[in-house]
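Take a look at the structure set out below.
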Amino acid sequence: MRVEPRAARWLPRLREIAGRLEEPPPLIVEGKLTRMIGLTLEAVGCQAAIGDRCVVVNGNGDRLDAEVVGFSGESLFLMPTGTPRGLAPNARVVPVGGAGDVAVGEALLGRVLDGAGAPLDGRGPILTPHRRPLYGAPINPLERSAIRDPLDVGVRSINALFTIGRGQRLGLFAPSGVGKSVLLGMMTRFTEADVIVVGLIGERGREVKEFIEDILGEEGLSRAVVVATPADTPPLMRMHGAAMATSIAEYFRDQGQHVLLLMDSLTRYAQAHREIALTIGEPPATRGFPPSVFARLPVLVERAGTGINGRGSITALYTVLTEADDANDPVADTARAILDGHILLSRKLADRGLYPAVDVESSISRTMTHVVAQPHIDLAKQFRHYHSLYEQNQDLFNVGAYQAGSNPELDRAVELRPFLNAFLRQDRTEPVGFEASVTALQRIFPPR
């Protein structure tokens, strides 16, 4: 039978493919540990790609999981996921496969996990057949549904003045000691969501149990998944914890559910990546942060948001710690640029005893104009106008230099001051719904 010329050109390629299918799988080549600097391990004699997992086997049989984070020439740089105590030179390094994945499914609800997906709550293994990559693929922005629905978070000042849209990514910027955890807890308990995913990244270990028992409670935990990687865990596990919480949220979003993702904090995630980058030799750029840190932050944040064609959503709230009360530190400045809005908590307001200490002048929701009606927007503008006017002239009032009647707008700001402060103040146990928040705003500025 005569073979057509076009088909003949394909025969060598087909024989090549068939030959590869008959070839045995490549042998795993073990390497050895040659050096350890800080938390970075250097191995030679083996080959693996960035993100691949390796097992380091010591002479006494102890095993330590590690991940490839860099390479130079014949050397691989590994970051351990556990404590490297007891490692010795020439320990065996065995590549064991590709980048990790995470178990997902309904079985995770009510559970507390570490950065490796192992349960911390002592309730046995998590049995679920579903798994997702730790670092999922981004969604085409043109396939995402627009943010059009307001989300009730139960906090009057945020509902009325900085309305959050379902699927929005919001930053909670705060220095230490101004009520960040309290506000986060209020939003966790009061927000309307099908599933809550909490990532406690790099925070104090005692806060994990406090958050679960005092903030979530049994009812909240029943619809929540908590991923906890405290400050004493290796930096790679802190990064994995943030990625794992996001992957779990993505799974529930793809099931058509509305997810609230809380990550405390984005700053600790950036600091964990800084530790890894500096130890493998990346030069620091801004305040000790290497450039790759600022490339990693949007990759993590962009995974949240609305789903494809309205199928589920992830409303993400990231806390950002402003070091030394500086709202313009590199991580805060980058987060402000890539998020859909930010709520800034003020130490000055907290010192006055006004909680939640939301700084009205410095906070913004970039989706508010798309999710509420124009009359609501006009009322919020009036509130911010008179609040800002009083704050800017407060020194005049304090020293008695202002004469009543000399400026009608300032007279109005002084008249409204008690009502504005009462509106901003809210008890931590008192939820205020979206409609009630708007009604309270209307009472301050009735139609004339």
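As shown in the structure tokens, the chain order sets the letters A, B, ...; within each chain, residues go from 1, and ligands are also counted from 1 in the order they appear.
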
Handout entry: Residues near range 192-205 of chain A, cut-off 8 Å, only C-alpha atoms, skip fewer than 3 positions along chain, as a PyMOL selection string
Key = chain A and resi 151-153+188+208-209+223-233+238-239+241-242+245+248-249+252+257-266+268-269

Practice task
Find the spatial neighbours of range 211-213 of chain A, counting only C-alpha atoms, within a cut-off of 9 Å - ignore same-chain residues fewer than 4 positions away - and output them as a PyMOL selection string.
Solution key: chain A and resi 112+181+185+206-207+217-218+220-221+226

Pick out the residues sitting within 12 Å of Pro125 in chain A, and hand them over as a PDB file with all heavy atoms, in the first residue's frame; count only C-alpha atoms, and ignore anything fewer than 3 positions along from it in its own chain.
ATOM      1  N   ALA A 103      -5.666  19.153  50.272  1.00  0.00           N
ATOM      2  CA  ALA A 103      -6.952  18.468  50.350  1.00  0.00           C
ATOM      3  C   ALA A 103      -8.064  19.492  50.527  1.00  0.00           C
ATOM      4  O   ALA A 103      -7.945  20.426  51.327  1.00  0.00           O
ATOM      5  CB  ALA A 103      -6.949  17.483  51.518  1.00  0.00           C
ATOM      6  N   ALA A 107     -15.375  18.093  54.049  1.00  0.00           N
ATOM      7  CA  ALA A 107     -14.804  17.518  55.270  1.00  0.00           C
ATOM      8  C   ALA A 107     -13.918  18.507  56.012  1.00  0.00           C
ATOM      9  O   ALA A 107     -13.605  18.305  57.189  1.00  0.00           O
ATOM     10  CB  ALA A 107     -14.007  16.258  54.935  1.00  0.00           C
ATOM     11  N   LEU A 108     -13.499  19.584  55.353  1.00  0.00           N
ATOM     12  CA  LEU A 108     -12.631  20.567  56.001  1.00  0.00           C
ATOM     13  C   LEU A 108     -13.406  21.505  56.915  1.00  0.00           C
ATOM     14  O   LEU A 108     -12.799  22.159  57.780  1.00  0.00           O
ATOM     15  CB  LEU A 108     -11.886  21.397  54.952  1.00  0.00           C
ATOM     16  CG  LEU A 108     -10.506  20.889  54.528  1.00  0.00           C
ATOM     17  CD1 LEU A 108     -10.612  19.550  53.825  1.00  0.00           C
ATOM     18  CD2 LEU A 108      -9.825  21.904  53.621  1.00  0.00           C
ATOM     19  N   ARG A 111     -12.655  22.362  60.795  1.00  0.00           N
ATOM     20  CA  ARG A 111     -11.342  21.827  61.122  1.00  0.00           C
ATOM     21  C   ARG A 111     -10.284  22.931  61.182  1.00  0.00           C
ATOM     22  O   ARG A 111     -10.433  23.998  60.584  1.00  0.00           O
ATOM     23  CB  ARG A 111     -10.907  20.782  60.090  1.00  0.00           C
ATOM     24  CG  ARG A 111     -11.867  19.621  59.923  1.00  0.00           C
ATOM     25  CD  ARG A 111     -12.100  18.862  61.243  1.00  0.00           C
ATOM     26  NE  ARG A 111     -10.887  18.330  61.802  1.00  0.00           N
ATOM     27  CZ  ARG A 111     -10.412  17.110  61.531  1.00  0.00           C
ATOM     28  NH1 ARG A 111     -11.061  16.311  60.695  1.00  0.00           N
ATOM     29  NH2 ARG A 111      -9.305  16.683  62.118  1.00  0.00           N
ATOM     30  N   VAL A 112      -9.196  22.630  61.896  1.00  0.00           N
ATOM     31  CA  VAL A 112      -8.057  23.537  62.039  1.00  0.00           C
ATOM     32  C   VAL A 112      -6.828  22.802  61.512  1.00  0.00           C
ATOM     33  O   VAL A 112      -6.500  21.716  61.982  1.00  0.00           O
ATOM     34  CB  VAL A 112      -7.840  23.958  63.505  1.00  0.00           C
ATOM     35  CG1 VAL A 112      -6.700  24.959  63.609  1.00  0.00           C
ATOM     36  CG2 VAL A 112      -9.122  24.542  64.084  1.00  0.00           C
ATOM     37  N   LEU A 113      -6.132  23.418  60.526  1.00  0.00           N
ATOM     38  CA  LEU A 113      -5.018  22.776  59.849  1.00  0.00           C
ATOM     39  C   LEU A 113      -3.742  23.588  60.022  1.00  0.00           C
ATOM     40  O   LEU A 113      -3.792  24.790  60.310  1.00  0.00           O
ATOM     41  CB  LEU A 113      -5.309  22.647  58.342  1.00  0.00           C
ATOM     42  CG  LEU A 113      -6.698  22.211  57.911  1.00  0.00           C
ATOM     43  CD1 LEU A 113      -6.824  22.287  56.403  1.00  0.00           C
ATOM     44  CD2 LEU A 113      -6.981  20.806  58.397  1.00  0.00           C
ATOM     45  N   GLY A 117      -1.309  21.063  55.820  1.00  0.00           N
ATOM     46  CA  GLY A 117      -2.610  20.420  55.679  1.00  0.00           C
ATOM     47  C   GLY A 117      -2.907  19.388  56.741  1.00  0.00           C
ATOM     48  O   GLY A 117      -3.949  18.713  56.683  1.00  0.00           O
ATOM     49  N   ALA A 118      -2.007  19.227  57.737  1.00  0.00           N
ATOM     50  CA  ALA A 118      -2.233  18.265  58.810  1.00  0.00           C
ATOM     51  C   ALA A 118      -3.148  18.885  59.870  1.00  0.00           C
ATOM     52  O   ALA A 118      -3.020  20.072  60.181  1.00  0.00           O
ATOM     53  CB  ALA A 118      -0.912  17.850  59.441  1.00  0.00           C
ATOM     54  N   PRO A 119      -4.080  18.105  60.429  1.00  0.00           N
ATOM     55  CA  PRO A 119      -4.995  18.660  61.434  1.00  0.00           C
ATOM     56  C   PRO A 119      -4.289  19.013  62.730  1.00  0.00           C
ATOM     57  O   PRO A 119      -3.405  18.288  63.195  1.00  0.00           O
ATOM     58  CB  PRO A 119      -6.027  17.547  61.636  1.00  0.00           C
ATOM     59  CG  PRO A 119      -5.352  16.296  61.179  1.00  0.00           C
ATOM     60  CD  PRO A 119      -4.379  16.700  60.117  1.00  0.00           C
ATOM     61  N   LEU A 120      -4.678  20.146  63.322  1.00  0.00           N
ATOM     62  CA  LEU A 120      -4.154  20.574  64.614  1.00  0.00           C
ATOM     63  C   LEU A 120      -5.162  20.379  65.736  1.00  0.00           C
ATOM     64  O   LEU A 120      -4.821  20.598  66.895  1.00  0.00           O
ATOM     65  CB  LEU A 120      -3.773  22.066  64.551  1.00  0.00           C
ATOM     66  CG  LEU A 120      -2.599  22.456  63.656  1.00  0.00           C
ATOM     67  CD1 LEU A 120      -2.467  23.970  63.591  1.00  0.00           C
ATOM     68  CD2 LEU A 120      -1.310  21.836  64.166  1.00  0.00           C
ATOM     69  N   ASP A 121      -6.383  20.004  65.403  1.00  0.00           N
ATOM     70  CA  ASP A 121      -7.454  19.969  66.396  1.00  0.00           C
ATOM     71  C   ASP A 121      -7.616  18.624  67.085  1.00  0.00           C
ATOM     72  O   ASP A 121      -8.503  18.456  67.924  1.00  0.00           O
ATOM     73  CB  ASP A 121      -8.778  20.381  65.755  1.00  0.00           C
ATOM     74  CG  ASP A 121      -9.069  19.621  64.463  1.00  0.00           C
ATOM     75  OD1 ASP A 121      -8.413  18.583  64.224  1.00  0.00           O
ATOM     76  OD2 ASP A 121      -9.937  20.073  63.695  1.00  0.00           O
ATOM     77  N   GLY A 122      -6.781  17.630  66.739  1.00  0.00           N
ATOM     78  CA  GLY A 122      -6.860  16.337  67.387  1.00  0.00           C
ATOM     79  C   GLY A 122      -8.111  15.552  67.087  1.00  0.00           C
ATOM     80  O   GLY A 122      -8.484  14.658  67.852  1.00  0.00           O
ATOM     81  N   THR A 128     -11.041  13.175  52.468  1.00  0.00           N
ATOM     82  CA  THR A 128     -11.695  13.789  51.320  1.00  0.00           C
ATOM     83  C   THR A 128     -10.946  13.379  50.066  1.00  0.00           C
ATOM     84  O   THR A 128      -9.714  13.344  50.057  1.00  0.00           O
ATOM     85  CB  THR A 128     -11.734  15.324  51.443  1.00  0.00           C
ATOM     86  OG1 THR A 128     -12.287  15.883  50.244  1.00  0.00           O
ATOM     87  CG2 THR A 128     -10.361  15.905  51.674  1.00  0.00           C
TER      88      THR A 128
END

Practice task
Quick one: everything within 8 Å of Ile338 in chain A, counting only C-alpha atoms, minus sequence neighbours fewer than 4 positions away in the same chain. Send it as JSON, numbers by chain.
Solution key: {"A": [298, 301, 334]}

Problem - Residue neighbourhood Asn159 in chain A, 12 Å, only C-alpha atoms, exclusion window fewer than 6 positions, as JSON, numbers by chain - result: {"A": [150, 151, 152, 153, 165, 187, 190, 191, 343, 364, 365, 368, 371, 372, 376, 377, 380, 423, 424, 431, 432, 433, 434, 435, 436, 437, 438, 439, 440, 441]}

Handout entry: Residues within 7 Å of range 385-399 of chain A, only C-alpha atoms, excluding chain neighbours under 2 positions, as JSON, numbers by chain
Key = {"A": [361, 381, 382, 383, 401, 402, 410, 413, 414]}

Exercise for the section: Quote the spacing between CA of Ser363 in chain A and CA of Ala295 in chain A in Å to one decimal place. Expected result: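 Pair CA of Ser363 in chain A / CA of Ala295 in chain A returns 24.6 Å.
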
Exercise for the section: Take CA of Phe173 in chain A and CA of Ala332 in chain A and report the distance between them in Å, one decimal. Expected result: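 CA of Phe173 in chain A sits 7.5 Å away from CA of Ala332 in chain A.
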
Practice task
Between A:Gly341, A:Pro447, A:Pro284, A:Gly353, single out the one closest to Leu172 in chain A, counting only C-alpha atoms.
Solution key: A:Gly341
